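The structure file start_0.cif is reproduced below (mmCIF, C-alpha atoms and all ligand atoms).
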data_upload
loop_
_atom_site.label_atom_id
_atom_site.label_comp_id
_atom_site.auth_asym_id
_atom_site.auth_seq_id
_atom_site.Cartn_x
_atom_site.Cartn_y
_atom_site.Cartn_z
CA MET A 1 -14.62 2.87 -0.33
CA GLY A 2 -17.96 4.45 0.04
CA LEU A 3 -20.30 7.12 -1.09
CA ALA A 4 -21.96 10.05 0.48
CA THR A 5 -23.76 13.21 -0.28
CA VAL A 6 -21.61 16.06 -1.46
CA GLU A 7 -21.75 17.53 2.00
CA GLY A 8 -20.45 14.28 3.39
CA ALA A 9 -17.95 13.52 0.63
CA GLY A 10 -15.72 16.47 1.34
CA ARG A 11 -12.26 15.16 0.93
CA GLY A 12 -10.55 15.91 -2.34
CA THR A 13 -13.62 17.40 -3.96
CA GLN A 14 -14.96 20.83 -4.53
CA ALA A 15 -18.45 21.69 -3.47
CA ALA A 16 -20.99 20.54 -5.99
CA ALA A 17 -24.70 20.90 -6.64
CA GLY A 18 -27.21 19.57 -4.15
CA ARG A 19 -28.54 16.93 -6.50
CA VAL A 20 -25.12 15.30 -6.64
CA SER A 21 -26.03 12.68 -4.16
CA ALA A 22 -25.32 9.40 -2.45
CA VAL A 23 -25.53 6.10 -4.25
CA GLY A 24 -28.58 4.20 -3.13
CA GLY A 25 -29.71 0.69 -3.90
CA GLY A 26 -28.59 -2.34 -1.98
CA PRO A 27 -27.07 -5.75 -2.29
CA ASP A 28 -28.84 -8.66 -3.84
CA ARG A 29 -29.91 -10.35 -0.66
CA GLY A 30 -31.56 -13.32 -2.29
CA GLY A 31 -35.02 -14.62 -1.61
CA LEU A 32 -35.99 -16.10 1.68
CA GLU A 33 -38.07 -19.06 0.67
CA GLY A 34 -37.39 -22.41 -0.87
CA PRO A 35 -39.81 -24.98 -2.26
CA SER A 36 -41.42 -27.14 0.34
CA GLY A 37 -40.37 -30.75 0.61
CA SER A 38 -36.77 -29.98 -0.38
CA PRO A 39 -33.63 -29.50 1.69
CA LEU A 40 -34.78 -25.92 1.59
CA GLY A 41 -37.31 -26.96 4.15
CA THR A 42 -34.43 -26.55 6.57
CA ILE A 43 -33.42 -23.31 4.91
CA ALA A 44 -36.98 -22.03 5.05
CA GLY A 45 -36.77 -22.75 8.75
CA ILE A 46 -33.69 -20.60 8.99
CA ALA A 47 -35.54 -17.86 7.15
CA ALA A 48 -38.44 -18.03 9.56
CA ARG A 49 -36.08 -17.90 12.51
CA ASN A 50 -34.17 -15.03 10.96
CA SER A 51 -37.36 -13.18 10.36
CA ALA A 52 -38.21 -13.62 14.01
CA ASP A 53 -34.76 -12.56 15.12
CA SER A 54 -34.66 -9.88 12.41
CA VAL A 55 -30.90 -10.32 11.93
CA ALA A 56 -29.51 -13.22 9.92
CA THR A 57 -25.94 -14.38 10.10
CA THR A 58 -23.85 -14.03 6.99
CA ARG A 59 -23.56 -17.81 6.76
CA GLU A 60 -27.27 -18.36 6.96
CA MET A 61 -27.88 -15.64 4.39
CA GLY A 62 -25.26 -17.29 2.18
CA LYS A 63 -27.17 -20.58 2.36
CA LEU A 64 -30.40 -18.83 1.44
CA ALA A 65 -28.77 -17.02 -1.46
CA ARG A 66 -27.24 -20.29 -2.74
CA ALA A 67 -30.60 -22.04 -2.52
CA GLU A 68 -32.24 -19.24 -4.42
CA ARG A 69 -29.57 -19.28 -7.11
CA TYR A 70 -30.34 -22.96 -7.78
CA GLU A 71 -34.03 -22.26 -7.74
CA LEU A 72 -33.78 -19.33 -10.17
CA GLN A 73 -31.43 -21.25 -12.40
CA ALA A 74 -34.13 -23.91 -12.79
CA VAL A 75 -36.63 -21.15 -13.67
CA LEU A 76 -34.17 -19.79 -16.24
CA ARG A 77 -33.66 -23.24 -17.79
CA GLY A 78 -37.41 -23.60 -18.20
CA LEU A 79 -37.63 -20.17 -19.79
CA ILE A 80 -34.64 -20.25 -22.15
CA SER A 81 -34.82 -23.89 -23.16
CA GLU A 82 -33.11 -23.35 -26.52
CA ASN A 83 -29.78 -22.22 -25.01
CA ARG A 84 -27.48 -25.21 -24.51
CA ARG A 85 -25.03 -23.32 -22.32
CA ILE A 86 -27.81 -22.40 -19.90
CA GLN A 87 -29.14 -25.96 -19.98
CA GLY A 88 -25.73 -27.43 -19.14
CA CYS A 89 -24.69 -24.90 -16.48
CA LEU A 90 -23.94 -26.66 -13.16
CA ARG A 91 -25.66 -29.83 -14.38
CA PHE A 92 -23.35 -31.67 -16.78
CA PRO A 93 -19.71 -32.56 -16.09
CA ARG A 94 -17.10 -30.61 -18.00
CA GLY A 95 -15.40 -32.48 -20.81
CA GLY A 96 -12.43 -34.48 -19.59
CA VAL A 97 -13.23 -34.49 -15.85
CA SER A 98 -13.35 -37.84 -14.07
CA GLU A 99 -15.04 -36.70 -10.86
CA ILE A 100 -17.16 -33.94 -9.37
CA GLN A 101 -15.66 -32.36 -6.31
CA ILE A 102 -17.35 -30.61 -3.44
CA HIS A 103 -15.30 -27.67 -2.23
CA GLN A 104 -15.56 -25.28 0.65
CA SER A 105 -15.61 -21.68 -0.52
CA HIS A 106 -12.71 -19.63 0.75
CA ASN A 107 -14.93 -16.57 1.17
CA SER A 108 -18.29 -17.86 2.43
CA GLY A 109 -17.18 -21.14 3.99
CA LEU A 110 -20.08 -22.84 2.15
CA ALA A 111 -19.91 -25.91 -0.06
CA TYR A 112 -20.11 -25.85 -3.85
CA TYR A 113 -19.51 -28.27 -6.74
CA SER A 114 -16.62 -28.09 -9.18
CA GLY A 115 -16.02 -30.00 -12.38
CA LEU A 116 -19.37 -28.96 -13.88
CA GLN A 117 -20.04 -26.91 -16.99
CA THR A 118 -20.69 -23.19 -16.55
CA CYS A 119 -22.50 -20.94 -19.02
CA GLY A 120 -20.60 -17.74 -18.15
CA LEU A 121 -23.64 -15.60 -19.02
CA GLY A 122 -23.15 -13.02 -16.32
CA GLY A 123 -26.18 -10.89 -17.14
CA VAL A 124 -28.56 -13.85 -17.10
CA CYS A 125 -27.43 -16.85 -15.08
CA PRO A 126 -28.00 -16.54 -11.32
CA ALA A 127 -25.04 -18.80 -10.54
CA CYS A 128 -22.45 -17.51 -13.03
CA GLY A 129 -23.71 -13.95 -12.60
CA SER A 130 -23.07 -14.06 -8.89
CA LYS A 131 -19.53 -15.35 -9.33
CA ILE A 132 -18.73 -12.85 -12.10
CA ALA A 133 -20.18 -9.95 -10.10
CA GLU A 134 -18.05 -10.85 -7.05
CA HIS A 135 -14.96 -11.06 -9.24
CA ASN A 136 -15.68 -7.72 -10.92
CA CYS A 137 -16.39 -6.15 -7.58
CA ARG A 138 -12.98 -7.17 -6.22
CA GLU A 139 -11.22 -5.90 -9.35
CA ILE A 140 -13.03 -2.57 -9.37
CA GLN A 141 -12.28 -2.13 -5.69
CA ALA A 142 -8.59 -2.82 -6.36
CA ALA A 143 -8.59 -0.19 -9.14
CA LEU A 144 -10.35 2.30 -6.87
CA ASP A 145 -7.82 1.68 -4.09
CA VAL A 146 -4.93 2.41 -6.45
CA TRP A 147 -6.62 5.53 -7.82
CA CYS A 148 -7.54 6.89 -4.40
CA GLY A 149 -4.04 6.07 -3.18
CA ARG A 150 -2.75 8.37 -5.92
CA GLY A 151 -5.03 11.13 -4.67
CA GLY A 152 -7.69 10.76 -7.36
CA VAL A 153 -11.44 11.03 -6.93
CA PRO A 154 -13.85 8.36 -8.14
CA ALA A 155 -17.40 9.29 -9.07
CA LEU A 156 -20.32 7.48 -10.57
CA LEU A 157 -21.98 9.02 -13.60
CA THR A 158 -25.44 7.71 -14.44
CA LEU A 159 -26.70 8.39 -17.96
CA THR A 160 -30.37 8.02 -18.74
CA MET A 161 -32.48 8.57 -21.82
CA PRO A 162 -36.21 8.95 -22.48
CA HIS A 163 -37.96 5.64 -23.01
CA TYR A 164 -41.50 4.70 -23.93
CA ARG A 165 -43.46 1.54 -23.35
CA SER A 166 -43.86 0.79 -27.05
CA GLN A 167 -40.10 0.76 -27.69
CA ARG A 168 -38.10 -2.43 -27.92
CA LEU A 169 -35.31 -2.86 -25.39
CA SER A 170 -32.74 -3.96 -27.98
CA ASP A 171 -33.36 -0.78 -30.04
CA ASN A 172 -32.97 1.51 -27.05
CA LEU A 173 -30.02 -0.33 -25.58
CA ASN A 174 -28.14 -0.32 -28.88
CA ALA A 175 -28.92 3.37 -29.49
CA MET A 176 -27.72 4.23 -25.99
CA LEU A 177 -24.46 2.29 -26.35
CA ALA A 178 -23.86 3.78 -29.81
CA ALA A 179 -24.49 7.30 -28.50
CA TYR A 180 -21.99 6.75 -25.69
CA ARG A 181 -19.37 5.31 -28.06
CA ALA A 182 -19.79 8.31 -30.36
CA LEU A 183 -19.52 10.68 -27.41
CA LEU A 184 -16.16 9.17 -26.43
CA GLY A 185 -14.74 10.10 -29.83
CA ASN A 186 -16.15 13.61 -29.70
CA GLY A 187 -13.66 16.53 -29.63
CA SER A 188 -15.66 18.51 -27.05
CA TYR A 189 -15.76 15.51 -24.75
CA ARG A 190 -12.01 14.99 -25.05
CA LEU A 191 -11.49 18.59 -23.96
CA LEU A 192 -13.87 18.13 -21.03
CA ARG A 193 -12.11 14.92 -20.02
CA LYS A 194 -8.76 16.68 -20.07
CA HIS A 195 -10.15 19.53 -17.99
CA VAL A 196 -11.44 17.27 -15.19
CA LYS A 197 -8.52 14.85 -15.54
CA LEU A 198 -10.83 11.93 -16.21
CA ASP A 199 -8.11 9.38 -16.94
CA HIS A 200 -10.06 6.11 -16.74
CA SER A 201 -13.61 4.86 -16.71
CA ILE A 202 -15.62 1.66 -16.45
CA ARG A 203 -18.98 1.52 -18.15
CA VAL A 204 -21.79 -0.89 -17.51
CA PRO A 205 -25.36 -0.77 -18.81
CA GLU A 206 -28.07 -1.33 -16.22
CA ILE A 207 -31.55 -2.37 -17.23
CA THR A 208 -34.69 -2.13 -15.15
CA TYR A 209 -38.30 -2.78 -16.07
CA GLY A 210 -41.47 -1.13 -14.88
CA PRO A 211 -45.00 -2.31 -15.72
CA ARG A 212 -45.97 1.28 -16.52
CA ASN A 213 -43.07 2.45 -18.71
CA GLY A 214 -41.46 -0.77 -19.88
CA PHE A 215 -37.70 -1.22 -20.03
CA HIS A 216 -35.45 1.52 -18.76
CA PRO A 217 -31.87 1.04 -19.98
CA HIS A 218 -29.29 3.40 -18.51
CA LEU A 219 -25.53 3.55 -18.26
CA HIS A 220 -23.29 3.63 -15.22
CA ILE A 221 -19.88 5.13 -15.81
CA LEU A 222 -17.44 4.86 -12.94
CA GLY A 223 -15.06 7.74 -13.59
CA PHE A 224 -11.56 8.10 -12.17
CA PHE A 225 -11.14 11.87 -11.88
CA GLY A 226 -8.41 14.27 -10.78
CA ALA A 227 -8.42 15.58 -7.21
CA ASP A 228 -9.85 19.03 -8.07
CA PHE A 229 -12.78 17.62 -10.03
CA ASP A 230 -15.85 19.89 -10.01
CA ALA A 231 -18.71 17.40 -10.13
CA SER A 232 -21.45 19.96 -10.65
CA ALA A 233 -19.83 21.69 -13.63
CA PHE A 234 -18.92 18.34 -15.17
CA GLU A 235 -22.48 17.11 -14.81
CA ARG A 236 -23.91 20.15 -16.65
CA GLN A 237 -21.41 19.98 -19.48
CA PHE A 238 -21.73 16.24 -19.85
CA ALA A 239 -25.52 16.44 -20.03
CA ARG A 240 -25.27 18.78 -23.05
CA LEU A 241 -22.96 16.35 -24.87
CA TRP A 242 -25.16 13.40 -23.93
CA LEU A 243 -28.28 15.07 -25.31
CA ALA A 244 -26.53 15.95 -28.59
CA ASN A 245 -25.28 12.41 -29.07
CA LEU A 246 -28.64 10.83 -28.25
CA GLN A 247 -30.32 13.08 -30.82
CA ARG A 248 -27.66 12.22 -33.38
CA HIS A 249 -28.47 8.54 -32.88
CA GLY A 250 -32.16 8.97 -33.50
CA VAL A 251 -33.34 8.60 -29.91
CA ARG A 252 -36.84 10.03 -29.51
CA ILE A 253 -36.58 13.03 -27.21
CA ASP A 254 -39.80 14.94 -26.57
CA ASP A 255 -38.37 17.05 -23.77
CA PRO A 256 -34.70 17.99 -24.27
CA ALA A 257 -34.74 20.16 -21.16
CA ALA A 258 -35.47 17.09 -19.04
CA VAL A 259 -32.41 15.33 -20.48
CA LEU A 260 -30.28 18.37 -19.69
CA LEU A 261 -31.64 18.36 -16.15
CA ARG A 262 -31.66 14.66 -15.36
CA GLY A 263 -29.90 12.83 -18.21
CA ALA A 264 -26.48 12.86 -16.54
CA ARG A 265 -26.12 12.56 -12.78
CA VAL A 266 -22.91 12.43 -10.78
CA GLN A 267 -22.56 10.68 -7.44
CA LEU A 268 -19.33 11.14 -5.55
CA GLY A 269 -17.28 8.60 -3.68
CA PHE A 270 -15.01 8.98 -0.69
CA THR A 271 -11.38 9.17 -1.60
CA ALA A 272 -10.33 6.55 0.93
CA GLY A 273 -11.43 4.12 3.55
CA ALA A 274 -14.93 5.01 4.63
CA GLU A 275 -17.86 2.85 3.67
CA TYR A 276 -21.31 3.87 2.69
CA VAL A 277 -23.86 1.89 4.67
CA SER A 278 -27.05 1.27 2.82
CA LYS A 279 -30.50 1.26 4.29
CA LEU A 280 -30.19 -2.50 4.42
CA GLY A 281 -27.44 -2.17 6.96
CA ARG A 282 -24.68 -3.57 4.78
CA SER A 283 -21.89 -1.76 3.08
CA TRP A 284 -22.64 -0.90 -0.52
CA GLY A 285 -20.07 1.14 -2.35
CA LEU A 286 -19.07 2.24 -5.81
CA ALA A 287 -17.62 -1.13 -6.75
CA GLU A 288 -20.84 -2.95 -5.84
CA GLU A 289 -22.98 -0.37 -7.58
CA VAL A 290 -21.15 -1.00 -10.85
CA ALA A 291 -20.34 -4.71 -10.60
CA LYS A 292 -23.77 -5.78 -9.35
CA ALA A 293 -25.84 -3.33 -11.41
CA ASN A 294 -28.20 -5.94 -12.84
CA ARG A 295 -28.32 -8.19 -9.79
CA LYS A 296 -29.42 -5.83 -7.04
CA LYS A 297 -32.99 -5.54 -5.97
CA GLY A 298 -34.88 -2.82 -7.83
CA ARG A 299 -36.70 -0.01 -6.11
CA GLY A 300 -40.46 0.19 -6.08
CA GLU A 301 -41.81 -0.84 -9.45
CA HIS A 302 -38.38 -0.67 -11.12
CA TYR A 303 -37.52 -4.32 -11.38
CA SER A 304 -33.98 -5.54 -12.00
CA PRO A 305 -33.47 -8.58 -14.26
CA ALA A 306 -33.01 -10.65 -11.09
CA ASP A 307 -36.36 -9.35 -9.82
CA LEU A 308 -38.00 -10.29 -13.14
CA LEU A 309 -36.80 -13.87 -12.80
CA ARG A 310 -38.30 -13.97 -9.31
CA HIS A 311 -41.57 -12.70 -10.75
CA VAL A 312 -41.50 -15.53 -13.29
CA ARG A 313 -40.90 -17.99 -10.46
CA ASP A 314 -43.67 -16.59 -8.30
CA ASP A 315 -46.07 -15.74 -11.15
CA THR A 316 -46.52 -12.28 -9.70
CA LEU A 317 -46.13 -10.10 -12.80
CA PRO A 318 -48.31 -10.55 -15.88
CA GLY A 319 -46.14 -11.11 -18.95
CA ALA A 320 -42.94 -11.53 -16.93
CA GLN A 321 -41.84 -14.50 -19.03
CA ALA A 322 -41.98 -12.57 -22.30
CA VAL A 323 -40.37 -9.54 -20.66
CA TYR A 324 -37.47 -11.62 -19.38
CA ARG A 325 -36.99 -13.31 -22.72
CA GLU A 326 -36.82 -9.90 -24.39
CA TYR A 327 -34.15 -8.88 -21.88
CA VAL A 328 -32.09 -12.04 -22.56
CA ALA A 329 -32.29 -11.48 -26.34
CA ALA A 330 -31.37 -7.79 -26.01
CA ILE A 331 -28.18 -8.33 -24.00
CA ASP A 332 -26.98 -11.22 -26.15
CA GLY A 333 -23.51 -10.25 -27.37
CA VAL A 334 -23.40 -7.01 -25.35
CA HIS A 335 -20.13 -6.54 -23.47
CA LEU A 336 -21.61 -5.65 -20.11
CA LEU A 337 -18.69 -4.34 -18.09
CA GLN A 338 -16.09 -2.46 -20.09
CA TRP A 339 -12.83 -0.99 -18.80
CA SER A 340 -11.41 1.98 -20.69
CA ARG A 341 -8.38 1.36 -22.87
CA ASP A 342 -5.13 0.59 -21.05
CA MET A 343 -6.78 1.38 -17.71
CA ARG A 344 -6.06 -1.99 -16.13
CA ASN A 345 -2.44 -1.84 -17.17
CA GLN A 346 -1.98 1.69 -15.83
CA LEU A 347 -3.58 0.78 -12.50
CA GLY A 348 -1.52 -2.38 -12.14
CA LEU A 349 -4.32 -4.93 -12.69
CA LYS A 350 -3.70 -8.21 -14.48
CA ALA A 351 -5.07 -8.86 -17.98
CA GLU A 352 -8.86 -8.99 -18.08
CA LYS A 353 -10.51 -12.41 -17.95
CA THR A 354 -13.58 -13.20 -19.99
CA ASP A 355 -16.84 -13.85 -18.13
CA GLN A 356 -16.62 -17.47 -19.28
CA ALA A 357 -13.15 -17.84 -17.76
CA VAL A 358 -14.26 -16.25 -14.49
CA ALA A 359 -17.33 -18.48 -14.24
CA ALA A 360 -15.29 -21.60 -15.02
CA GLY A 361 -12.38 -20.60 -12.76
CA GLU A 362 -11.61 -22.71 -9.72
CA ASP A 363 -10.47 -21.27 -6.43
CA GLN A 364 -7.18 -23.06 -5.91
CA ALA A 365 -7.25 -22.24 -2.20
CA ALA A 366 -10.67 -23.85 -1.64
CA ALA A 367 -10.51 -27.04 0.43
CA VAL A 368 -11.90 -30.25 -1.10
CA LEU A 369 -14.63 -31.62 1.17
CA ALA A 370 -15.64 -34.65 -0.89
CA ARG A 371 -15.24 -36.29 -4.30
CA LEU A 372 -18.07 -37.86 -6.29
CA THR A 373 -17.66 -40.23 -9.22
CA LEU A 374 -19.57 -39.25 -12.36
CA TYR A 375 -21.89 -42.17 -11.61
CA GLU A 376 -22.62 -40.77 -8.15
CA TRP A 377 -23.23 -37.36 -9.69
CA ARG A 378 -25.83 -38.88 -12.01
CA ALA A 379 -27.51 -40.39 -8.96
CA VAL A 380 -27.50 -37.00 -7.20
CA ARG A 381 -29.07 -35.34 -10.23
CA PHE A 382 -31.60 -38.15 -10.41
CA GLY A 383 -32.74 -37.04 -6.95
CA GLY A 384 -33.70 -33.67 -8.43
CA ARG A 385 -32.70 -30.13 -7.49
CA ALA A 386 -33.63 -30.80 -3.89
CA ALA A 387 -31.03 -33.58 -3.69
CA VAL A 388 -28.36 -31.52 -5.49
CA LEU A 389 -28.85 -28.79 -2.93
CA ARG A 390 -29.20 -31.07 0.08
CA VAL A 391 -25.78 -32.62 -0.60
CA LEU A 392 -24.26 -29.13 -0.41
CA HIS A 393 -26.31 -28.23 2.62
CA LEU A 394 -25.04 -31.32 4.47
CA ALA A 395 -21.46 -30.79 3.24
CA ASP A 396 -21.45 -27.28 4.72
CA ASP A 397 -21.07 -28.83 8.16
CA ASP A 398 -20.43 -32.53 7.71
CA ALA A 399 -18.75 -34.00 4.60
CA ASP A 400 -19.27 -37.58 5.82
CA GLY A 401 -22.97 -36.89 6.27
CA ALA A 402 -23.10 -35.56 2.71
CA LEU A 403 -21.38 -38.68 1.36
CA GLY A 404 -23.77 -40.88 3.35
CA TYR A 405 -26.67 -39.12 1.71
CA VAL A 406 -25.04 -39.54 -1.73
CA GLY A 407 -24.86 -43.30 -0.98
CA GLU A 408 -28.59 -43.26 -0.27
CA LEU A 409 -29.23 -41.42 -3.55
CA VAL A 410 -27.19 -44.03 -5.43
CA ARG A 411 -29.33 -46.81 -3.92
CA ARG A 412 -32.52 -45.01 -4.96
CA TYR A 413 -31.11 -44.48 -8.45
CA GLU A 414 -30.32 -48.16 -8.82
CA LEU A 415 -33.67 -49.24 -7.45
CA ALA A 416 -35.30 -47.04 -10.07
CA GLY A 417 -33.35 -48.85 -12.79
CA ARG A 418 -30.91 -45.99 -13.51
CA GLY A 419 -33.43 -44.22 -15.67
CA GLY A 420 -35.99 -41.50 -15.32
CA VAL A 421 -35.82 -37.77 -15.52
CA MET A 422 -32.87 -35.89 -14.06
CA CYS A 423 -32.71 -32.34 -12.94
ZN ZN B 501 -24.32 -20.24 -15.66
#
Could you take the file, read its structure, and then write that structure out as structure tokens?
Amino acid sequence: MGLATVEGAGRGTQAAAGRVSAVGGGPDRGGLEGPSGSPLGTIAGIAARNSADSVATTREMGKLARAERYELQAVLRGLISENRRIQGCLRFPRGGVSEIQIHQSHNSGLAYYSGLQTCGLGGVCPACGSKIAEHNCREIQAALDVWCGRGGVPALLTLTMPHYRSQRLSDNLNAMLAAYRALLGNGSYRLLRKHVKLDHSIRVPEITYGPRNGFHPHLHILGFFGADFDASAFERQFARLWLANLQRHGVRIDDPAAVLLRGARVQLGFTAGAEYVSKLGRSWGLAEEVAKANRKKGRGEHYSPADLLRHVRDDTLPGAQAVYREYVAAIDGVHLLQWSRDMRNQLGLKAEKTDQAVAAGEDQAAAVLARLTLYEWRAVRFGGRAAVLRVLHLADDDADGALGYVGELVRRYELAGRGGVMC
């Protein structure tokens, strides 16, 4: 699955307007630096080497991304201290477990812990968000494969609305979601849907932040259209409906013509096989664009929520802490990725899992590398985030080495009198 300009999309589509374009953006590549004096010292070394070699291996990049997830999770815990789910995520054992296991991921080949609590807050938590995004990506890709196999055409519709720095994100986000919900029930929209054979759709809000204009909430709708779908005509007609529904929901619109021109944009996908290769040199298709909407790296001064958390970590954006907290409060209770009614059933997908279930889910095929008693886990946590990560880093290549290090951590823990502050 991939995306291209209209000229490149060709198959199964009619010619469309020039501004119907390729999906841009890129994967969340993770940061390249860890704190000094931690096991990330080794990882930082990898980063330096990679920078020199300019190409990193997938495994090395996976290690860097894992290290950054732990690092950002610690930043998040410091920022949202009142949320118990966030505080417990990947720190405290789940109720009823008698050991913490270290597994080898089926996909990345890297080590990870199981038996720990997970918060399941996909839009916020770097660890759960990554797992949920990968899961959603696989499911969306499966749905796209079925649809394309039936000769349908997928396309990504991006809906935007005017926004001003003084506005609160929660107000704008709620108005946008309400306007979209109302549009779905609109008679004119139902006629349009029938005309373009838009049978299914997945909607996900994406939120970016810019120092100049504040929060910019917008909606991605992945549409599953009929083969003779005219993207350009659909875009024009949809923009009119979008404008009317925004106005009906009290959204401040100083320039309606701009909404008609840019408020609804369609990007086409290939109907089968081919992959769009981003500027970053990795494939980035429709499924990623939708599933990883709030995790990818923003462009220019349009920061994604993941970028904002990095700014908090690095202290590189004035007010980033307050901005991120506003984002967390605004998406509380918002169903981020929503499949249209009966879509999963009609495309042969299993019943939808909640984000909490996905985050807590264990990969049954993942090999067990090592088992830690709960006492040993306390000793690992006593060693701080650096120790938690170093155990994984060692287990990636040498489970015995990891267990040897755990033994050392237990000795340190006991020497310290089994007290002190834990990560
Ligand atoms: Zn979490």
Original post:
Interatomic distance between atom CA of A:Gly383 and atom CA of A:His106?
Top reply: 27.6 Å
Original post:
Which residues sit within 9 Å of ligand ZN 501 (chain B), counting all atoms listed in the file, listed as a VMD selection string?
Top reply: chain A and resid 73 85 to 90 117 to 122 124 to 129 356 359
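One distance worth recording is that between atom CA of A:Gly210 and atom CA of A:Thr158, which is 18.3 Å.
Remark: for A:Glu99, the closest of the candidate residues A:Thr373, A:Ala175, A:Pro211, A:Ala182 is A:Thr373 (distances computed over all atoms listed in the file).
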**OP:** Show which residues sit within 10 Å of A:Gly263, as a list of chain:residue names. Count all atoms listed in the file, and ignore same-chain residues fewer than 3 positions away.
**Re:** A:Leu157, A:Thr158, A:Leu159, A:Thr160, A:Met161, A:Pro162, A:His218, A:Glu235, A:Arg236, A:Phe238, A:Ala239, A:Arg240, A:Trp242, A:Leu243, A:Pro256, A:Ala257, A:Ala258, A:Val259, A:Leu260
